[in-house]
$ cat run36.pdb   # PDB, C-alpha atoms
ATOM      1  CA  MET A   1      -8.180 -15.835  -3.795
ATOM      2  CA  HIS A   2     -10.985 -15.542  -1.225
ATOM      3  CA  PHE A   3      -9.805 -15.454   2.393
ATOM      4  CA  ILE A   4     -13.418 -15.569   3.581
ATOM      5  CA  SER A   5     -16.473 -17.011   1.861
ATOM      6  CA  GLN A   6     -18.083 -15.184  -1.033
ATOM      7  CA  GLU A   7     -21.285 -15.023   1.013
ATOM      8  CA  LEU A   8     -19.516 -13.163   3.812
ATOM      9  CA  GLU A   9     -17.819 -10.842   1.315
ATOM     10  CA  ASP A  10     -21.236 -10.040  -0.163
ATOM     11  CA  TYR A  11     -22.671  -9.438   3.316
ATOM     12  CA  ILE A  12     -19.800  -7.061   4.151
ATOM     13  CA  ALA A  13     -20.289  -5.097   0.930
ATOM     14  CA  ASN A  14     -24.057  -4.958   1.425
ATOM     15  CA  HIS A  15     -23.631  -3.554   4.930
ATOM     16  CA  SER A  16     -21.093  -0.911   3.957
ATOM     17  CA  GLN A  17     -21.724   2.456   2.327
ATOM     18  CA  LYS A  18     -23.274   2.246  -1.126
ATOM     19  CA  GLU A  19     -21.012   2.480  -4.141
ATOM     20  CA  PRO A  20     -21.369   5.882  -5.867
ATOM     21  CA  GLU A  21     -23.038   5.732  -9.286
ATOM     22  CA  LEU A  22     -19.982   7.083 -11.128
ATOM     23  CA  LEU A  23     -17.853   4.311  -9.662
ATOM     24  CA  LYS A  24     -20.476   1.705 -10.565
ATOM     25  CA  SER A  25     -20.216   2.857 -14.175
ATOM     26  CA  LEU A  26     -16.418   2.833 -14.069
ATOM     27  CA  ASP A  27     -16.435  -0.686 -12.604
ATOM     28  CA  LYS A  28     -18.834  -1.951 -15.271
ATOM     29  CA  GLU A  29     -16.911  -0.451 -18.192
ATOM     30  CA  THR A  30     -13.598  -1.723 -16.806
ATOM     31  CA  TYR A  31     -14.956  -5.284 -16.778
ATOM     32  CA  GLN A  32     -16.375  -4.846 -20.279
ATOM     33  CA  LYS A  33     -13.351  -3.309 -21.991
ATOM     34  CA  ILE A  34     -10.102  -3.546 -20.006
ATOM     35  CA  LEU A  35      -7.718  -6.456 -19.448
ATOM     36  CA  LEU A  36      -7.298  -7.841 -15.928
ATOM     37  CA  PRO A  37     -10.374  -6.144 -14.380
ATOM     38  CA  ARG A  38      -9.652  -7.923 -11.078
ATOM     39  CA  MET A  39      -7.036  -5.196 -10.522
ATOM     40  CA  LEU A  40      -9.880  -2.765  -9.822
ATOM     41  CA  SER A  41     -10.270  -1.879  -6.138
ATOM     42  CA  GLY A  42     -14.012  -2.472  -6.243
ATOM     43  CA  HIS A  43     -16.902  -1.541  -3.973
ATOM     44  CA  PHE A  44     -15.746  -2.680  -0.522
ATOM     45  CA  GLN A  45     -12.069  -1.766  -0.754
ATOM     46  CA  GLY A  46     -13.055   1.465  -2.455
ATOM     47  CA  ARG A  47     -15.247   2.383   0.520
ATOM     48  CA  VAL A  48     -12.352   1.575   2.843
ATOM     49  CA  LEU A  49     -10.066   3.905   0.865
ATOM     50  CA  SER A  50     -12.743   6.588   0.911
ATOM     51  CA  MET A  51     -13.247   6.289   4.682
ATOM     52  CA  LEU A  52      -9.516   6.415   5.405
ATOM     53  CA  SER A  53      -9.142   9.495   3.212
ATOM     54  CA  LYS A  54     -12.066  11.201   4.959
ATOM     55  CA  LEU A  55     -10.465  10.489   8.348
ATOM     56  CA  ILE A  56      -7.062  11.795   7.200
ATOM     57  CA  ARG A  57      -8.371  14.849   5.280
ATOM     58  CA  PRO A  58      -5.253  15.010   3.052
ATOM     59  CA  MET A  59      -4.121  18.057   1.124
ATOM     60  CA  ASN A  60      -1.756  16.175  -1.194
ATOM     61  CA  ILE A  61      -2.299  12.543  -2.204
ATOM     62  CA  LEU A  62       0.018  10.329  -4.243
ATOM     63  CA  GLU A  63      -1.178   7.171  -5.954
ATOM     64  CA  ILE A  64       1.267   4.758  -7.579
ATOM     65  CA  GLY A  65      -0.708   2.652 -10.044
ATOM     66  CA  THR A  66      -3.790   4.333 -11.508
ATOM     67  CA  TYR A  67      -5.232   1.458 -13.559
ATOM     68  CA  THR A  68      -8.676   2.775 -14.634
ATOM     69  CA  GLY A  69      -8.971   5.421 -11.925
ATOM     70  CA  TYR A  70     -11.346   3.789  -9.438
ATOM     71  CA  SER A  71      -9.117   4.039  -6.366
ATOM     72  CA  ALA A  72      -8.059   7.591  -7.266
ATOM     73  CA  LEU A  73     -11.668   8.746  -7.176
ATOM     74  CA  CYS A  74     -12.216   6.978  -3.850
ATOM     75  CA  LEU A  75      -9.179   8.700  -2.327
ATOM     76  CA  CYS A  76     -10.374  12.081  -3.611
ATOM     77  CA  GLU A  77     -13.542  11.808  -1.518
ATOM     78  CA  GLY A  78     -11.681  12.873   1.631
ATOM     79  CA  MET A  79      -9.306  15.372   0.015
ATOM     80  CA  GLN A  80      -9.311  18.949   1.245
ATOM     81  CA  GLU A  81     -11.074  21.558  -0.902
ATOM     82  CA  ASN A  82      -7.895  22.856  -2.529
ATOM     83  CA  GLY A  83      -6.059  19.550  -2.484
ATOM     84  CA  ARG A  84      -4.423  17.631  -5.316
ATOM     85  CA  LEU A  85      -4.136  13.962  -6.154
ATOM     86  CA  HIS A  86      -1.144  12.922  -8.242
ATOM     87  CA  THR A  87      -1.517   9.503  -9.836
ATOM     88  CA  ILE A  88       1.150   7.594 -11.764
ATOM     89  CA  ASP A  89       0.805   4.798 -14.311
ATOM     90  CA  ILE A  90       2.878   3.398 -17.167
ATOM     91  CA  LYS A  91       0.007   2.398 -19.469
ATOM     92  CA  GLU A  92      -0.567   5.087 -22.075
ATOM     93  CA  GLU A  93      -3.619   3.265 -23.449
ATOM     94  CA  LEU A  94      -5.502   3.870 -20.175
ATOM     95  CA  VAL A  95      -4.931   7.639 -19.895
ATOM     96  CA  ASP A  96      -8.035   8.661 -21.852
ATOM     97  CA  PHE A  97     -10.196   6.093 -20.045
ATOM     98  CA  GLN A  98      -9.056   7.456 -16.681
ATOM     99  CA  ARG A  99      -9.591  11.053 -17.733
ATOM    100  CA  LYS A 100     -13.125  10.351 -18.981
ATOM    101  CA  TYR A 101     -14.176   9.363 -15.474
ATOM    102  CA  PHE A 102     -12.030  11.954 -13.714
ATOM    103  CA  ASN A 103     -13.765  14.653 -15.789
ATOM    104  CA  GLN A 104     -17.174  13.436 -14.639
ATOM    105  CA  SER A 105     -16.186  13.815 -10.984
ATOM    106  CA  ALA A 106     -16.129  16.787  -8.631
ATOM    107  CA  TRP A 107     -12.307  16.632  -8.645
ATOM    108  CA  LYS A 108     -11.655  16.886 -12.383
ATOM    109  CA  ASN A 109      -9.343  19.893 -11.910
ATOM    110  CA  GLN A 110      -7.580  18.422  -8.886
ATOM    111  CA  ILE A 111      -6.375  15.114 -10.339
ATOM    112  CA  VAL A 112      -2.945  15.212 -11.990
ATOM    113  CA  GLN A 113      -2.069  12.255 -14.221
ATOM    114  CA  HIS A 114       1.562  11.242 -14.655
ATOM    115  CA  LEU A 115       2.560   8.796 -17.387
ATOM    116  CA  GLY A 116       5.787   6.881 -16.951
ATOM    117  CA  GLU A 117       7.908   4.993 -14.434
ATOM    118  CA  ALA A 118       7.100   5.944 -10.851
ATOM    119  CA  ILE A 119      10.757   5.445  -9.902
ATOM    120  CA  ASN A 120      11.607   8.417 -12.154
ATOM    121  CA  ILE A 121       8.520  10.545 -11.467
ATOM    122  CA  ILE A 122       8.431  10.467  -7.653
ATOM    123  CA  PRO A 123      11.810  12.232  -7.142
ATOM    124  CA  ALA A 124      10.654  15.054  -9.433
ATOM    125  CA  LEU A 125       7.538  15.793  -7.358
ATOM    126  CA  ASP A 126       8.373  18.784  -5.155
ATOM    127  CA  LEU A 127       5.575  18.101  -2.669
ATOM    128  CA  GLN A 128       4.899  16.775   0.803
ATOM    129  CA  PHE A 129       2.156  14.158   1.010
ATOM    130  CA  ASP A 130      -0.422  13.334   3.669
ATOM    131  CA  LEU A 131      -1.632  10.129   2.007
ATOM    132  CA  VAL A 132       0.015   7.679  -0.404
ATOM    133  CA  PHE A 133      -1.476   4.573  -2.009
ATOM    134  CA  ILE A 134       1.022   2.058  -3.428
ATOM    135  CA  ASP A 135      -0.590  -0.325  -5.902
ATOM    136  CA  ALA A 136       1.806  -0.820  -8.818
ATOM    137  CA  ASP A 137       4.569  -3.322  -9.645
ATOM    138  CA  LYS A 138       5.311  -5.302  -6.494
ATOM    139  CA  GLU A 139       9.011  -5.681  -7.254
ATOM    140  CA  ASN A 140       9.466  -1.951  -6.610
ATOM    141  CA  TYR A 141       7.506  -1.654  -3.357
ATOM    142  CA  ILE A 142      10.638  -1.220  -1.236
ATOM    143  CA  ASN A 143      12.043   1.323  -3.697
ATOM    144  CA  TYR A 144       8.762   3.251  -3.679
ATOM    145  CA  PHE A 145       8.674   3.271   0.113
ATOM    146  CA  GLU A 146      12.195   4.690   0.375
ATOM    147  CA  LEU A 147      11.451   7.364  -2.249
ATOM    148  CA  ILE A 148       8.164   8.343  -0.637
ATOM    149  CA  LEU A 149       9.152   8.472   3.024
ATOM    150  CA  PRO A 150      11.166  11.740   2.824
ATOM    151  CA  LYS A 151       8.171  13.336   1.079
ATOM    152  CA  MET A 152       5.662  12.382   3.805
ATOM    153  CA  ASN A 153       4.329  14.792   6.387
ATOM    154  CA  LYS A 154       4.613  13.621   9.980
ATOM    155  CA  GLY A 155       1.546  11.552  10.769
ATOM    156  CA  GLY A 156       0.968  10.888   7.082
ATOM    157  CA  ILE A 157      -0.399   7.538   5.962
ATOM    158  CA  ILE A 158       1.069   5.094   3.430
ATOM    159  CA  LEU A 159      -1.364   2.460   2.154
ATOM    160  CA  SER A 160       0.111  -0.618   0.453
ATOM    161  CA  ASP A 161      -2.126  -2.958  -1.541
ATOM    162  CA  ASN A 162      -1.816  -6.690  -2.353
ATOM    163  CA  VAL A 163       0.515  -7.407   0.559
ATOM    164  CA  LEU A 164      -0.956 -10.917   1.051
ATOM    165  CA  TRP A 165      -0.452 -11.672  -2.648
ATOM    166  CA  SER A 166      -3.220 -14.285  -2.950
ATOM    167  CA  GLY A 167      -1.816 -16.130   0.049
ATOM    168  CA  LYS A 168       1.598 -16.666  -1.563
ATOM    169  CA  VAL A 169       3.234 -15.005   1.456
ATOM    170  CA  LEU A 170       2.571 -18.285   3.350
ATOM    171  CA  GLU A 171       3.718 -20.646   0.621
ATOM    172  CA  PRO A 172       7.217 -21.858  -0.350
ATOM    173  CA  ILE A 173       8.759 -19.304  -2.693
ATOM    174  CA  GLN A 174       9.326 -20.457  -6.259
ATOM    175  CA  GLN A 175      12.838 -19.726  -7.529
ATOM    176  CA  ASN A 176      11.660 -17.252 -10.206
ATOM    177  CA  ASP A 177       8.953 -15.579  -8.064
ATOM    178  CA  ILE A 178      10.604 -12.213  -7.411
ATOM    179  CA  SER A 179       7.338 -10.436  -6.520
ATOM    180  CA  THR A 180       6.557 -12.709  -3.570
ATOM    181  CA  LYS A 181      10.131 -12.478  -2.304
ATOM    182  CA  ILE A 182      10.028  -8.675  -2.405
ATOM    183  CA  LEU A 183       6.602  -8.539  -0.736
ATOM    184  CA  LEU A 184       7.853 -10.717   2.120
ATOM    185  CA  GLU A 185      10.805  -8.356   2.576
ATOM    186  CA  TYR A 186       8.505  -5.352   2.314
ATOM    187  CA  ASN A 187       6.076  -6.643   4.926
ATOM    188  CA  LEU A 188       8.960  -7.213   7.344
ATOM    189  CA  LEU A 189      10.360  -3.771   6.579
ATOM    190  CA  LEU A 190       7.065  -2.076   7.439
ATOM    191  CA  LYS A 191       6.738  -4.106  10.637
ATOM    192  CA  ASN A 192      10.259  -3.321  11.867
ATOM    193  CA  ASP A 193      11.065   0.132  10.469
ATOM    194  CA  PRO A 194      11.135   2.645  13.356
ATOM    195  CA  ARG A 195      10.042   5.440  11.008
ATOM    196  CA  VAL A 196       6.517   4.036  10.712
ATOM    197  CA  GLU A 197       3.914   2.145  12.715
ATOM    198  CA  THR A 198       1.992  -0.435  10.738
ATOM    199  CA  VAL A 199      -1.095  -2.612  10.791
ATOM    200  CA  LEU A 200      -1.839  -5.167   8.074
ATOM    201  CA  LEU A 201      -5.547  -5.508   7.316
ATOM    202  CA  PRO A 202      -6.976  -8.665   5.667
ATOM    203  CA  ILE A 203      -9.003  -6.627   3.174
ATOM    204  CA  ARG A 204      -9.256  -8.297  -0.244
ATOM    205  CA  ASP A 205      -5.631  -9.164  -1.096
ATOM    206  CA  GLY A 206      -4.181  -7.446   1.985
ATOM    207  CA  LEU A 207      -3.964  -3.710   2.720
ATOM    208  CA  THR A 208      -1.255  -2.304   4.983
ATOM    209  CA  VAL A 209      -1.755   0.998   6.789
ATOM    210  CA  SER A 210       1.524   2.620   7.822
ATOM    211  CA  ARG A 211       1.648   5.873   9.798
ATOM    212  CA  VAL A 212       4.769   8.024   9.546
ATOM    213  CA  ILE A 213       6.146   8.791  12.991
TER     214      ILE A 213
END

$ encode --input "run36.pdb" --output "structure tokens"
Amino acid sequence: MHFISQELEDYIANHSQKEPELLKSLDKETYQKILLPRMLSGHFQGRVLSMLSKLIRPMNILEIGTYTGYSALCLCEGMQENGRLHTIDIKEELVDFQRKYFNQSAWKNQIVQHLGEAINIIPALDLQFDLVFIDADKENYINYFELILPKMNKGGIILSDNVLWSGKVLEPIQQNDISTKILLEYNLLLKNDPRVETVLLPIRDGLTVSRVI
């Protein structure tokens, strides 16, 4: 769903930082070979993730939902020299694809891939995070938030993707549409939870920036 015209989206992308060549290649191969390529962050959102990471300068980053690795590489651009990015996904068939591009990057030894359910993996990570990007199954967003919050450094940033859900957040909820119901609850939680301060940005499908107080 386009919230603004395609022409304006193109103008925005054309007047933002250029997409790195490695990410151009990753984008192209994702669209050629992988199902649901729309899940890719893409040029503009990728530059937003990169800029936020560069402003935050995180030591430890957590990503929930790797897909083909595009957003992970964007987040790495602002990571401190000895930092680590931990990224979690359930799709075993994408692990080698991700690693191929991770190995071509400057952060090949700093990206840790985790295969499995994030609900089980997050509690086992004995780390404090400066930056988290949530972009996996929407029905677990509230669960992820509650698991992550105790592992956040004060002032740390939680980014949540797809929080506008193609505009479904404004439409009547269908009886079997659990994802939209959970996202509506999640958006209210972030707005009202005294542990964070939040702004929802209308970037692509909605990107929430929450700062841990």

$ closest_residue --input "run36.pdb" --among "A:Phe133, A:Phe44, A:Trp107, A:Tyr11" --to "A:Thr66" --atoms "only C-alpha atoms"
A:Phe133

$ residues_around --input "run36.pdb" --residues "A:Arg47" --least-positions-apart "6" --cutoff "10 Å" --atoms "all atoms listed in the file" --output "ChimeraX atom specification"
/A:13,16-20,41,53,71,74-75,77

$ resolve_selection --input "run36.pdb" --expression "the PyMOL selection byres ((chain A and resi 106) around 12)" --output "PyMOL selection string"
chain A and resi 22+73-74+76-79+81-82+101-105+107-111

$ write_last_selection --input "run36.pdb" --atoms "C-alpha atoms" --output "mmCIF file, in the coordinates of the input"
data_model
loop_
_atom_site.group_PDB
_atom_site.id
_atom_site.type_symbol
_atom_site.label_atom_id
_atom_site.label_comp_id
_atom_site.auth_asym_id
_atom_site.auth_seq_id
_atom_site.Cartn_x
_atom_site.Cartn_y
_atom_site.Cartn_z
ATOM 1 C CA LEU A 22 -19.982 7.083 -11.128
ATOM 2 C CA LEU A 73 -11.668 8.746 -7.176
ATOM 3 C CA CYS A 74 -12.216 6.978 -3.850
ATOM 4 C CA CYS A 76 -10.374 12.081 -3.611
ATOM 5 C CA GLU A 77 -13.542 11.808 -1.518
ATOM 6 C CA GLY A 78 -11.681 12.873 1.631
ATOM 7 C CA MET A 79 -9.306 15.372 0.015
ATOM 8 C CA GLU A 81 -11.074 21.558 -0.902
ATOM 9 C CA ASN A 82 -7.895 22.856 -2.529
ATOM 10 C CA TYR A 101 -14.176 9.363 -15.474
ATOM 11 C CA PHE A 102 -12.030 11.954 -13.714
ATOM 12 C CA ASN A 103 -13.765 14.653 -15.789
ATOM 13 C CA GLN A 104 -17.174 13.436 -14.639
ATOM 14 C CA SER A 105 -16.186 13.815 -10.984
ATOM 15 C CA TRP A 107 -12.307 16.632 -8.645
ATOM 16 C CA LYS A 108 -11.655 16.886 -12.383
ATOM 17 C CA ASN A 109 -9.343 19.893 -11.910
ATOM 18 C CA GLN A 110 -7.580 18.422 -8.886
ATOM 19 C CA ILE A 111 -6.375 15.114 -10.339
#

$ residues_near_point --input "run36.pdb" --point "(-4.5, 0.3, 2.1)" --cutoff "12 Å" --atoms "only C-alpha atoms" --output "MDAnalysis selection string"
chainID A and resid 41 44:53 63 71 74:75 131:135 157:164 198:211

$ resolve_selection --input "run36.pdb" --expression "the PyMOL selection byres ((chain A and resi 179-189) around 7)" --output "JSON, numbers by chain"
{"A": [138, 139, 141, 142, 163, 168, 169, 173, 177, 178, 190, 191, 192, 193]}

$ closest_residue --input "run36.pdb" --among "A:Val212, A:Val95, A:Val112, A:Val196" --to "A:Thr68" --atoms "all atoms listed in the file"
A:Val95

$ atom_distance --input "run36.pdb" --atom1 "atom CA of A:Glu117" --atom2 "atom CA of A:Leu147"
12.9 Å

$ axis_aligned_box --input "run36.pdb" --around "stretch 116-127 of chain A" --padding-each-side "4 Å" --output "AutoDock Vina command-line options"
--center_x 8.7 --center_y 11.9 --center_z -9.8 --size_x 14.2 --size_y 21.8 --size_z 22.3

$ closest_residue --input "run36.pdb" --among "A:Phe97, A:Glu7, A:Ile213, A:His15" --to "A:Asp27" --atoms "only C-alpha atoms"
A:Phe97

$ resolve_selection --input "run36.pdb" --expression "the PyMOL selection byres ((chain A and resi 149) around 10)" --output "PyMOL selection string"
chain A and resi 128-129+132+144-148+150-154+156+158+195-196+212

$ closest_residue --input "run36.pdb" --among "A:Ile119, A:Gln113, A:Tyr67, A:Leu8" --to "A:Arg38" --atoms "only C-alpha atoms"
A:Tyr67

$ closest_residue --input "run36.pdb" --among "A:Ile90, A:Lys100, A:Ala72, A:Leu85" --to "A:Ser25" --atoms "only C-alpha atoms"
A:Lys100

$ atom_distance --input "run36.pdb" --atom1 "atom CA of A:Glu29" --atom2 "atom CA of A:His86"
22.9 Å

$ closest_residue --input "run36.pdb" --among "A:Gly116, A:Pro172, A:Gly65, A:Gly155" --to "A:Thr87" --atoms "only C-alpha atoms"
A:Gly65

$ atom_distance --input "run36.pdb" --atom1 "atom CA of A:Thr30" --atom2 "atom CA of A:Asp96"
12.8 Å

$ decode --input "run36.pdb" --residues "stretch 135-148 of chain A" --atoms "N, CA and C atoms" --output "short mmCIF file (atom, residue, chain, number, x, y, z; two decimals), in the first residue's frame"
data_model
loop_
_atom_site.label_atom_id
_atom_site.label_comp_id
_atom_site.auth_asym_id
_atom_site.auth_seq_id
_atom_site.Cartn_x
_atom_site.Cartn_y
_atom_site.Cartn_z
N ASP A 135 10.99 -6.98 13.35
CA ASP A 135 10.41 -7.08 12.01
C ASP A 135 10.10 -8.54 11.67
N ALA A 136 9.48 -9.23 12.62
CA ALA A 136 9.13 -10.65 12.39
C ALA A 136 7.62 -10.81 12.52
N ASP A 137 7.17 -11.96 13.00
CA ASP A 137 5.73 -12.24 13.06
C ASP A 137 5.02 -11.24 13.97
N LYS A 138 4.02 -10.58 13.42
CA LYS A 138 3.35 -9.48 14.11
C LYS A 138 2.61 -9.94 15.37
N GLU A 139 2.16 -11.18 15.37
CA GLU A 139 1.39 -11.68 16.50
C GLU A 139 2.21 -11.77 17.78
N ASN A 140 3.55 -11.69 17.64
CA ASN A 140 4.41 -11.77 18.82
C ASN A 140 5.06 -10.43 19.18
N TYR A 141 4.63 -9.35 18.56
CA TYR A 141 5.28 -8.06 18.83
C TYR A 141 5.24 -7.69 20.32
N ILE A 142 4.11 -7.88 20.96
CA ILE A 142 4.03 -7.54 22.39
C ILE A 142 4.94 -8.45 23.21
N ASN A 143 4.97 -9.73 22.87
CA ASN A 143 5.85 -10.67 23.57
C ASN A 143 7.31 -10.29 23.37
N TYR A 144 7.68 -9.93 22.14
CA TYR A 144 9.06 -9.50 21.88
C TYR A 144 9.42 -8.27 22.71
N PHE A 145 8.52 -7.31 22.72
CA PHE A 145 8.77 -6.07 23.46
C PHE A 145 9.04 -6.35 24.94
N GLU A 146 8.22 -7.20 25.54
CA GLU A 146 8.38 -7.51 26.97
C GLU A 146 9.67 -8.30 27.24
N LEU A 147 10.07 -9.14 26.29
CA LEU A 147 11.33 -9.88 26.46
C LEU A 147 12.54 -8.99 26.27
N ILE A 148 12.43 -8.04 25.38
CA ILE A 148 13.55 -7.17 25.03
C ILE A 148 13.80 -6.09 26.08
#
